[in-house]
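Next comes input02.cif, with mmCIF, C-alpha atoms.
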```cif
data_final
#
loop_
_atom_site.group_PDB
_atom_site.id
_atom_site.type_symbol
_atom_site.label_atom_id
_atom_site.label_comp_id
_atom_site.auth_asym_id
_atom_site.auth_seq_id
_atom_site.Cartn_x
_atom_site.Cartn_y
_atom_site.Cartn_z
ATOM 1 C CA SER L 1 -28.059 3.261 -5.845
ATOM 2 C CA PHE L 2 -25.830 6.295 -6.340
ATOM 3 C CA ASP L 3 -27.569 9.656 -6.825
ATOM 4 C CA GLU L 4 -25.799 11.210 -9.823
ATOM 5 C CA ASP L 5 -25.481 14.882 -10.623
ATOM 6 C CA GLU L 6 -24.310 16.069 -14.020
ATOM 7 C CA GLY L 7 -23.869 19.645 -12.854
ATOM 8 C CA GLY L 8 -20.716 21.496 -11.923
ATOM 9 C CA HIS L 9 -18.549 21.015 -8.873
ATOM 10 C CA GLY L 10 -20.468 23.403 -6.651
ATOM 11 C CA ALA L 11 -23.955 22.086 -7.439
ATOM 12 C CA GLY L 12 -22.896 18.480 -7.019
ATOM 13 C CA PHE L 13 -21.083 19.175 -3.782
ATOM 14 C CA VAL L 14 -24.081 20.828 -2.144
ATOM 15 C CA ASP L 15 -27.050 18.988 -3.624
ATOM 16 C CA MET L 16 -25.951 15.397 -3.029
ATOM 17 C CA ALA L 17 -25.863 15.441 0.770
ATOM 18 C CA ILE L 18 -28.109 12.798 2.349
ATOM 19 C CA LYS L 19 -29.571 13.485 5.780
ATOM 20 C CA ASP L 20 -27.694 11.699 8.584
ATOM 21 C CA ARG L 21 -25.670 9.651 6.069
ATOM 22 C CA VAL L 22 -23.682 11.914 3.702
ATOM 23 C CA VAL L 23 -22.453 15.277 4.988
ATOM 24 C CA MET L 24 -20.581 17.718 2.757
ATOM 25 C CA ASP L 25 -18.715 20.484 4.538
ATOM 26 C CA GLU L 26 -15.233 21.936 5.019
ATOM 27 C CA GLY L 27 -12.525 20.417 7.168
ATOM 28 C CA VAL L 28 -8.907 21.362 7.838
ATOM 29 C CA ASN L 29 -7.997 24.751 6.349
ATOM 30 C CA ASP L 30 -11.509 25.006 4.867
ATOM 31 C CA MET L 31 -10.778 22.143 2.439
ATOM 32 C CA PRO L 32 -13.972 20.476 1.089
ATOM 33 C CA ARG L 33 -14.692 16.998 2.402
ATOM 34 C CA VAL L 34 -17.399 14.324 2.495
ATOM 35 C CA ILE L 35 -18.297 12.461 5.680
ATOM 36 C CA LEU L 36 -20.043 9.101 5.300
ATOM 37 C CA THR L 37 -21.938 7.656 8.271
ATOM 38 C CA HIS L 38 -23.092 4.037 8.408
ATOM 39 C CA GLU L 39 -26.243 3.194 10.304
ATOM 40 C CA ASN L 40 -24.110 1.301 12.861
ATOM 41 C CA GLY L 41 -22.183 4.487 13.713
ATOM 42 C CA GLY L 42 -19.050 3.874 11.654
ATOM 43 C CA GLU L 43 -17.699 6.843 9.683
ATOM 44 C CA ALA L 44 -15.367 7.628 6.790
ATOM 45 C CA GLU L 45 -13.957 11.041 5.898
ATOM 46 C CA VAL L 46 -12.941 11.823 2.303
ATOM 47 C CA TYR L 47 -11.250 15.042 1.175
ATOM 48 C CA LEU L 48 -11.835 16.168 -2.399
ATOM 49 C CA PHE L 49 -8.190 17.224 -2.609
ATOM 50 C CA GLY L 50 -6.502 14.028 -3.720
ATOM 51 C CA ALA L 51 -9.709 12.033 -3.087
ATOM 52 C CA ASN L 52 -7.950 10.992 0.108
ATOM 53 C CA VAL L 53 -9.811 8.920 2.701
ATOM 54 C CA THR L 54 -8.304 10.495 5.806
ATOM 55 C CA SER L 55 -10.321 8.667 8.462
ATOM 56 C CA TRP L 56 -12.215 5.403 8.839
ATOM 57 C CA THR L 57 -13.704 4.626 12.233
ATOM 58 C CA LEU L 58 -15.581 1.448 13.102
ATOM 59 C CA ALA L 59 -18.804 1.213 15.085
ATOM 60 C CA ASN L 60 -16.750 0.992 18.308
ATOM 61 C CA GLU L 61 -15.085 4.321 17.339
ATOM 62 C CA SER L 62 -11.649 2.736 16.806
ATOM 63 C CA GLU L 63 -9.628 4.468 14.069
ATOM 64 C CA VAL L 64 -8.244 2.249 11.300
ATOM 65 C CA LEU L 65 -6.177 4.810 9.388
ATOM 66 C CA TYR L 66 -3.164 6.922 10.314
ATOM 67 C CA MET L 67 -2.458 10.589 9.573
ATOM 68 C CA ARG L 68 1.093 11.887 9.752
ATOM 69 C CA PRO L 69 1.377 14.574 12.465
ATOM 70 C CA ASP L 70 4.483 16.043 10.818
ATOM 71 C CA VAL L 71 2.719 16.999 7.563
ATOM 72 C CA GLN L 72 0.489 20.074 7.605
ATOM 73 C CA GLN L 73 -2.642 19.521 5.550
ATOM 74 C CA SER L 74 -2.905 22.094 2.756
ATOM 75 C CA TYR L 75 -3.085 22.485 -1.019
ATOM 76 C CA GLU L 76 0.704 22.847 -1.159
ATOM 77 C CA GLN L 77 1.453 19.113 -0.977
ATOM 78 C CA PRO L 78 -0.249 15.710 -0.906
ATOM 79 C CA ILE L 79 -2.203 14.960 2.260
ATOM 80 C CA GLY L 80 0.107 13.054 4.613
ATOM 81 C CA GLY L 81 -1.479 9.746 5.562
ATOM 82 C CA GLY L 82 -4.934 8.294 5.033
ATOM 83 C CA ILE L 83 -5.263 6.511 1.681
ATOM 84 C CA PRO L 84 -3.542 8.490 -1.083
ATOM 85 C CA ILE L 85 -4.168 7.533 -4.722
ATOM 86 C CA CYS L 86 -1.113 6.835 -6.889
ATOM 87 C CA PHE L 87 -1.803 7.647 -10.568
ATOM 88 C CA PRO L 88 -0.592 7.593 -13.334
ATOM 89 C CA GLN L 89 2.549 6.139 -11.800
ATOM 90 C CA VAL L 90 3.465 4.271 -8.630
ATOM 91 C CA GLY L 91 6.722 5.318 -7.045
ATOM 92 C CA ASP L 92 9.277 7.074 -9.190
ATOM 93 C CA ALA L 93 9.339 6.108 -12.876
ATOM 94 C CA SER L 94 13.029 6.913 -13.093
ATOM 95 C CA THR L 95 13.730 4.252 -10.453
ATOM 96 C CA PHE L 96 11.986 1.457 -12.380
ATOM 97 C CA PRO L 97 12.002 2.568 -16.050
ATOM 98 C CA GLU L 98 11.716 -1.022 -17.295
ATOM 99 C CA ALA L 99 8.539 -1.553 -15.231
ATOM 100 C CA LEU L 100 6.830 1.655 -16.358
ATOM 101 C CA PRO L 101 7.807 2.151 -20.003
ATOM 102 C CA GLY L 102 6.625 5.337 -21.671
ATOM 103 C CA ILE L 103 5.776 7.268 -18.509
ATOM 104 C CA PRO L 104 7.567 10.646 -18.506
ATOM 105 C CA PRO L 105 9.367 11.923 -15.404
ATOM 106 C CA MET L 106 6.960 13.395 -12.853
ATOM 107 C CA GLN L 107 6.589 13.657 -9.105
ATOM 108 C CA GLU L 108 6.565 10.441 -7.115
ATOM 109 C CA HIS L 109 3.217 8.593 -7.326
ATOM 110 C CA GLY L 110 1.900 10.911 -10.032
ATOM 111 C CA PHE L 111 -0.588 13.762 -9.745
ATOM 112 C CA ALA L 112 -3.859 12.251 -8.493
ATOM 113 C CA SER L 113 -3.024 13.133 -4.882
ATOM 114 C CA VAL L 114 -2.549 16.847 -5.661
ATOM 115 C CA CYS L 115 -5.650 17.368 -7.810
ATOM 116 C CA GLU L 116 -9.095 18.479 -6.675
ATOM 117 C CA TRP L 117 -11.611 15.732 -7.493
ATOM 118 C CA GLU L 118 -15.331 16.403 -7.899
ATOM 119 C CA VAL L 119 -18.320 14.640 -6.375
ATOM 120 C CA VAL L 120 -20.518 13.071 -9.041
ATOM 121 C CA ALA L 121 -22.709 10.720 -7.002
ATOM 122 C CA THR L 122 -23.707 9.683 -3.477
ATOM 123 C CA GLY L 123 -25.830 6.851 -2.132
ATOM 124 C CA ALA L 124 -27.155 5.533 1.189
ATOM 125 C CA ASP L 125 -28.832 2.308 0.042
ATOM 126 C CA LEU L 126 -25.817 0.482 -1.377
ATOM 127 C CA GLY L 127 -24.589 -3.082 -0.873
ATOM 128 C CA ALA L 128 -26.364 -6.410 -0.697
ATOM 129 C CA ASN L 129 -28.384 -5.342 2.347
ATOM 130 C CA GLY L 130 -29.065 -1.840 1.053
ATOM 131 C CA ASN L 131 -27.589 -0.108 4.101
ATOM 132 C CA ASP L 132 -24.096 0.841 2.942
ATOM 133 C CA VAL L 133 -23.277 4.484 2.214
ATOM 134 C CA GLY L 134 -20.908 5.843 -0.397
ATOM 135 C CA VAL L 135 -19.636 8.619 -2.626
ATOM 136 C CA MET L 136 -18.266 8.610 -6.170
ATOM 137 C CA LEU L 137 -15.558 11.105 -7.134
ATOM 138 C CA ARG L 138 -14.169 11.973 -10.554
ATOM 139 C CA LEU L 139 -10.976 13.444 -11.994
ATOM 140 C CA THR L 140 -10.439 14.325 -15.663
ATOM 141 C CA ASP L 141 -7.439 15.697 -17.526
ATOM 142 C CA ASN L 142 -6.716 19.378 -17.041
ATOM 143 C CA GLU L 143 -3.886 21.854 -17.501
ATOM 144 C CA LEU L 144 -1.945 20.448 -14.541
ATOM 145 C CA THR L 145 -2.219 16.802 -15.593
ATOM 146 C CA ARG L 146 -1.505 17.552 -19.263
ATOM 147 C CA ALA L 147 1.730 19.314 -18.320
ATOM 148 C CA MET L 148 2.996 16.096 -16.759
ATOM 149 C CA TRP L 149 1.171 13.402 -18.744
ATOM 150 C CA ASP L 150 -0.341 14.584 -22.008
ATOM 151 C CA PHE L 151 -3.330 12.251 -22.372
ATOM 152 C CA PRO L 152 -7.101 12.597 -21.990
ATOM 153 C CA PHE L 153 -8.550 10.413 -19.223
ATOM 154 C CA GLU L 154 -11.437 10.026 -16.799
ATOM 155 C CA ALA L 155 -10.796 8.478 -13.392
ATOM 156 C CA THR L 156 -13.657 7.597 -11.047
ATOM 157 C CA TYR L 157 -13.247 6.567 -7.437
ATOM 158 C CA GLU L 158 -15.948 4.936 -5.324
ATOM 159 C CA VAL L 159 -15.705 4.991 -1.520
ATOM 160 C CA ILE L 160 -18.326 2.731 0.058
ATOM 161 C CA LEU L 161 -18.642 2.349 3.821
ATOM 162 C CA SER L 162 -20.006 -1.007 4.941
ATOM 163 C CA ALA L 163 -20.625 -2.305 8.464
ATOM 164 C CA SER L 164 -17.061 -3.600 8.874
ATOM 165 C CA LYS L 165 -15.482 -2.914 5.492
ATOM 166 C CA LEU L 166 -14.308 0.029 3.438
ATOM 167 C CA ILE L 167 -14.738 -0.732 -0.259
ATOM 168 C CA LEU L 168 -12.636 1.323 -2.680
ATOM 169 C CA ARG L 169 -12.921 1.110 -6.477
ATOM 170 C CA LEU L 170 -10.662 3.102 -8.786
ATOM 171 C CA ARG L 171 -11.454 3.003 -12.501
ATOM 172 C CA VAL L 172 -9.559 4.717 -15.312
ATOM 173 C CA ALA L 173 -11.123 5.271 -18.754
ATOM 174 C CA ASN L 174 -9.407 6.422 -21.933
ATOM 175 C CA PRO L 175 -11.735 8.618 -24.031
ATOM 176 C CA GLY L 176 -9.024 9.280 -26.625
ATOM 177 C CA ASP L 177 -7.826 7.367 -29.674
ATOM 178 C CA GLU L 178 -4.269 6.812 -28.446
ATOM 179 C CA THR L 179 -3.355 4.165 -25.882
ATOM 180 C CA PHE L 180 -1.494 5.415 -22.843
ATOM 181 C CA PRO L 181 0.862 3.821 -20.287
ATOM 182 C CA PHE L 182 -0.019 4.141 -16.626
ATOM 183 C CA ALA L 183 0.222 2.516 -13.232
ATOM 184 C CA ALA L 184 -2.177 2.987 -10.315
ATOM 185 C CA ALA L 185 -2.384 1.982 -6.666
ATOM 186 C CA LEU L 186 -3.949 2.895 -3.337
ATOM 187 C CA GLN L 187 -1.495 3.558 -0.510
ATOM 188 C CA PRO L 188 -3.228 3.039 2.851
ATOM 189 C CA HIS L 189 -1.584 4.212 6.066
ATOM 190 C CA PHE L 190 -2.837 2.022 8.935
ATOM 191 C CA HIS L 191 -2.962 3.027 12.568
ATOM 192 C CA VAL L 192 -0.929 0.608 14.701
ATOM 193 C CA LEU L 193 0.335 0.481 18.272
ATOM 194 C CA ASP L 194 3.963 1.229 19.136
ATOM 195 C CA VAL L 195 5.906 -1.188 16.901
ATOM 196 C CA VAL L 196 8.736 -1.397 19.444
ATOM 197 C CA GLU L 197 6.437 -2.446 22.281
ATOM 198 C CA TYR L 198 3.836 -4.524 20.423
ATOM 199 C CA PRO L 199 3.980 -7.177 17.665
ATOM 200 C CA VAL L 200 2.974 -5.547 14.367
ATOM 201 C CA THR L 201 3.184 -7.975 11.457
ATOM 202 C CA ALA L 202 1.919 -8.530 7.921
ATOM 203 C CA LYS L 203 0.907 -12.053 6.923
ATOM 204 C CA GLY L 204 0.208 -13.710 3.573
ATOM 205 C CA LEU L 205 3.339 -12.770 1.617
ATOM 206 C CA GLN L 206 5.527 -15.830 2.187
ATOM 207 C CA GLY L 207 7.283 -16.910 -1.018
ATOM 208 C CA VAL L 208 6.439 -13.675 -2.827
ATOM 209 C CA THR L 209 9.207 -11.834 -4.704
ATOM 210 C CA TYR L 210 9.805 -8.246 -3.619
ATOM 211 C CA LEU L 211 11.993 -5.273 -4.448
ATOM 212 C CA ASP L 212 13.784 -4.159 -1.289
ATOM 213 C CA ARG L 213 14.544 -0.446 -1.274
ATOM 214 C CA GLY L 214 15.325 -0.187 2.425
ATOM 215 C CA LEU L 215 18.559 -2.196 2.821
ATOM 216 C CA VAL L 216 20.930 0.123 0.991
ATOM 217 C CA PRO L 217 19.868 3.721 0.202
ATOM 218 C CA GLY L 218 19.666 4.301 -3.547
ATOM 219 C CA LYS L 219 19.877 0.591 -4.402
ATOM 220 C CA VAL L 220 17.105 -1.903 -5.108
ATOM 221 C CA ARG L 221 17.581 -5.604 -4.383
ATOM 222 C CA VAL L 222 15.314 -8.417 -5.599
ATOM 223 C CA ARG L 223 14.476 -10.945 -2.909
ATOM 224 C CA SER L 224 11.922 -13.602 -2.004
ATOM 225 C CA LEU L 225 10.228 -13.611 1.391
ATOM 226 C CA GLU L 226 11.121 -16.769 3.293
ATOM 227 C CA GLU L 227 9.416 -15.898 6.560
ATOM 228 C CA GLU L 228 5.736 -16.401 7.312
ATOM 229 C CA THR L 229 5.321 -12.784 8.318
ATOM 230 C CA VAL L 230 6.899 -9.377 7.770
ATOM 231 C CA GLY L 231 7.724 -7.808 11.116
ATOM 232 C CA PHE L 232 7.969 -4.109 11.953
ATOM 233 C CA ASP L 233 10.236 -3.051 14.817
ATOM 234 C CA GLY L 234 10.892 0.630 14.146
ATOM 235 C CA THR L 235 13.559 0.196 11.471
ATOM 236 C CA THR L 236 12.794 1.200 7.888
ATOM 237 C CA VAL L 237 10.915 -1.378 5.811
ATOM 238 C CA ASP L 238 10.539 -0.309 2.180
ATOM 239 C CA ARG L 239 9.467 -3.247 0.026
ATOM 240 C CA LEU L 240 7.491 -3.531 -3.193
ATOM 241 C CA PHE L 241 5.940 -7.005 -3.486
ATOM 242 C CA VAL L 242 5.458 -8.306 -7.023
ATOM 243 C CA ASP L 243 2.316 -10.316 -7.878
ATOM 244 C CA SER L 244 1.237 -10.394 -4.252
ATOM 245 C CA PRO L 245 -1.786 -12.510 -3.256
ATOM 246 C CA ARG L 246 -5.256 -10.983 -3.289
ATOM 247 C CA THR L 247 -5.537 -11.022 0.504
ATOM 248 C CA VAL L 248 -2.966 -9.820 3.036
ATOM 249 C CA GLY L 249 -3.498 -9.454 6.779
ATOM 250 C CA LEU L 250 -1.991 -6.852 9.122
ATOM 251 C CA ASN L 251 -1.819 -7.403 12.884
ATOM 252 C CA VAL L 252 -1.913 -3.873 14.283
ATOM 253 C CA GLY L 253 -0.422 -4.853 17.646
ATOM 254 C CA SER L 254 -3.560 -4.879 19.770
ATOM 255 C CA GLY L 255 -4.682 -8.369 18.767
ATOM 256 C CA ALA L 256 -6.957 -6.859 16.120
ATOM 257 C CA SER L 257 -6.136 -7.183 12.442
ATOM 258 C CA VAL L 258 -6.901 -5.451 9.169
ATOM 259 C CA THR L 259 -7.431 -7.536 6.044
ATOM 260 C CA VAL L 260 -6.662 -5.985 2.666
ATOM 261 C CA THR L 261 -8.289 -7.676 -0.331
ATOM 262 C CA ASN L 262 -7.375 -6.594 -3.838
#
```
How does this structure look as structure tokens?
Amino acid sequence: SFDEDEGGHGAGFVDMAIKDRVVMDEGVNDMPRVILTHENGGEAEVYLFGANVTSWTLANESEVLYMRPDVQQSYEQPIGGGIPICFPQVGDASTFPEALPGIPPMQEHGFASVCEWEVVATGADLGANGNDVGVMLRLTDNELTRAMWDFPFEATYEVILSASKLILRLRVANPGDETFPFAAALQPHFHVLDVVEYPVTAKGLQGVTYLDRGLVPGKVRVRSLEEETVGFDGTTVDRLFVDSPRTVGLNVGSGASVTVTN
């Protein structure tokens, strides 16, 4: 089970390390991070800034996630790549005002990716077999969030590393008396081979309606996917699928695939 700590950020960050399984140290530009190690050798790296999972390697040391080389990692902007958290909006609310009623204008994807989260729990005996390792992070309203979205909230984020899976659970609680509008999503960046040289495709979306933002800049078109797969060949693909199925597969070009289950 998770080891919980009700203390402050510093105490929780130091005291909840678990020998050989949960390491808490500083990474790029001395930014605090948590490194989870599964007993099979797989690892996951989570930065407290944005609660971003920046690396997930399997037991064979292959990297699943992608980090943008053109974005310098710092507190000045969201971490480029990994798995950013979108909250309390997804995309730009001004682009889809009818889909996100009541959300005031703010930066794209909200503020969760530019806030420092705190560690509240760790565990190294999780899962059905008791050998998964994980960390729980928390973000609550503060001066920064209130300036953009004036509501009290508590968001918790669980990152659990299994033998061949990465389990992510984002929960949002409203401790106030007033209901609030919000949208939330995880935005994984997957490592693939050269899309020009190798077949990189997404499967499981046939027949699903999507908003295409990549055909004409500044315009959104509603379409339905007729093909069995979505192919990537180096041109821009910017699509928001509506009511997509729970499971979607991504062929990363090497013959291996990543399955995303919501």
Applied to this file, what does the PyMOL selection byres ((chain L and resi 192) around 12) return in terms of residues, put as a PyMOL selection string? chain L and resi 62-67+189-191+193-202+232-234+250-258
List the neighbours of Leu225 (chain L) out to 6 Å using all atoms listed in the file; skip same-chain residues closer than 5 positions along the sequence, and give me the result as a JSON list (two decimals) with C-alpha atoms, keeping the file's coordinate frame.
```json
[["chain", "number", "residue", "atom", "x", "y", "z"],
["L", 206, "GLN", "CA", 5.53, -15.83, 2.19],
["L", 207, "GLY", "CA", 7.28, -16.91, -1.02],
["L", 208, "VAL", "CA", 6.44, -13.68, -2.83]]
```
Counting all atoms listed in the file, figure out which residue out of L:Ala59, L:Leu240, L:Leu48, L:Val53 gets nearest to Asp25 (chain L). L:Leu48
To one decimal in Å, tell me the separation between CA of Pro245 (chain L) and CA of Thr261 (chain L).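 Pair CA of Pro245 (chain L) / CA of Thr261 (chain L) returns 8.6 Å.
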For the structure provided, state which residues fall under the PyMOL selection byres ((chain L and resi 172-183) around 7), and present them as a PyMOL selection string. chain L and resi 87-90+102-103+152-156+170-171+184
Starting from the displayed file, determine the output of the PyMOL selection byres ((chain L and resi 229) around 6) and express the residue list as an MDAnalysis selection string. chainID L and resid 202:203 227:228 230
Given all atoms listed in the file as the basis, pick out the residue of L:Asp20, L:Glu61, L:Asp150, L:Asp212 nearest to Val237 (chain L). L:Asp212
I need the residue nearest Arg239 (chain L) from this list: L:Arg213, L:Arg146, L:Lys219, L:Lys165. Use only C-alpha atoms for the distance.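 Closest to Arg239 (chain L), using only C-alpha atoms: L:Arg213.
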Counting only C-alpha atoms, figure out which residue out of L:Ala185, L:Ile79, L:Val222, L:Val34 gets nearest to Ala121 (chain L). L:Val34
Give the answer as one residue: which of L:Gly123, L:Pro188, L:Gly41, L:Gly249 has the shortest atom-to-atom distance to Glu158 (chain L), using only C-alpha atoms?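 Smallest separation from Glu158 (chain L) among the options: L:Gly123.
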d(CA of Ile35 (chain L), CA of Arg21 (chain L)) in Å: 7.9 Å
Mind pulling up the distance from CA of Thr235 (chain L) to CA of Arg221 (chain L)?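 A separation of 17.4 Å between them.
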Gly27 (chain L) environment, 12 Å, only C-alpha atoms, sequence neighbours closer than 6 positions dropped, as a CSV table (one decimal) with C-alpha atoms, keeping the file's coordinate frame:
```
chain,number,residue,atom,x,y,z
L,33,ARG,CA,-14.7,17.0,2.4
L,34,VAL,CA,-17.4,14.3,2.5
L,35,ILE,CA,-18.3,12.5,5.7
L,45,GLU,CA,-14.0,11.0,5.9
L,46,VAL,CA,-12.9,11.8,2.3
L,47,TYR,CA,-11.2,15.0,1.2
L,48,LEU,CA,-11.8,16.2,-2.4
L,49,PHE,CA,-8.2,17.2,-2.6
L,54,THR,CA,-8.3,10.5,5.8
L,73,GLN,CA,-2.6,19.5,5.6
L,74,SER,CA,-2.9,22.1,2.8
```
Contact residues around Pro84 (chain L) with only C-alpha atoms at 7 Å, ignoring same-chain residues under 6 positions, as a list in words: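 Here the qualifying residues turn out to be Gly50, Asn52, Ser113, Leu186, Gln187 and Pro188 of chain L.
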Nearest residue to Gly204 (chain L) out of L:Leu166, L:Met31, L:Val260, L:Ile18, using all atoms listed in the file? L:Val260
Enclose the full set of atoms of region 57-70 of chain L listed in the file within a box whose edges lie along x, y and z, apply 8 Å of padding to each of the six sides, and report centre and edge lengths in Å to one decimal as JSON.
```
{"center_x": -7.2, "center_y": 8.5, "center_z": 13.8, "size_x": 39.3, "size_y": 31.1, "size_z": 24.9}
```
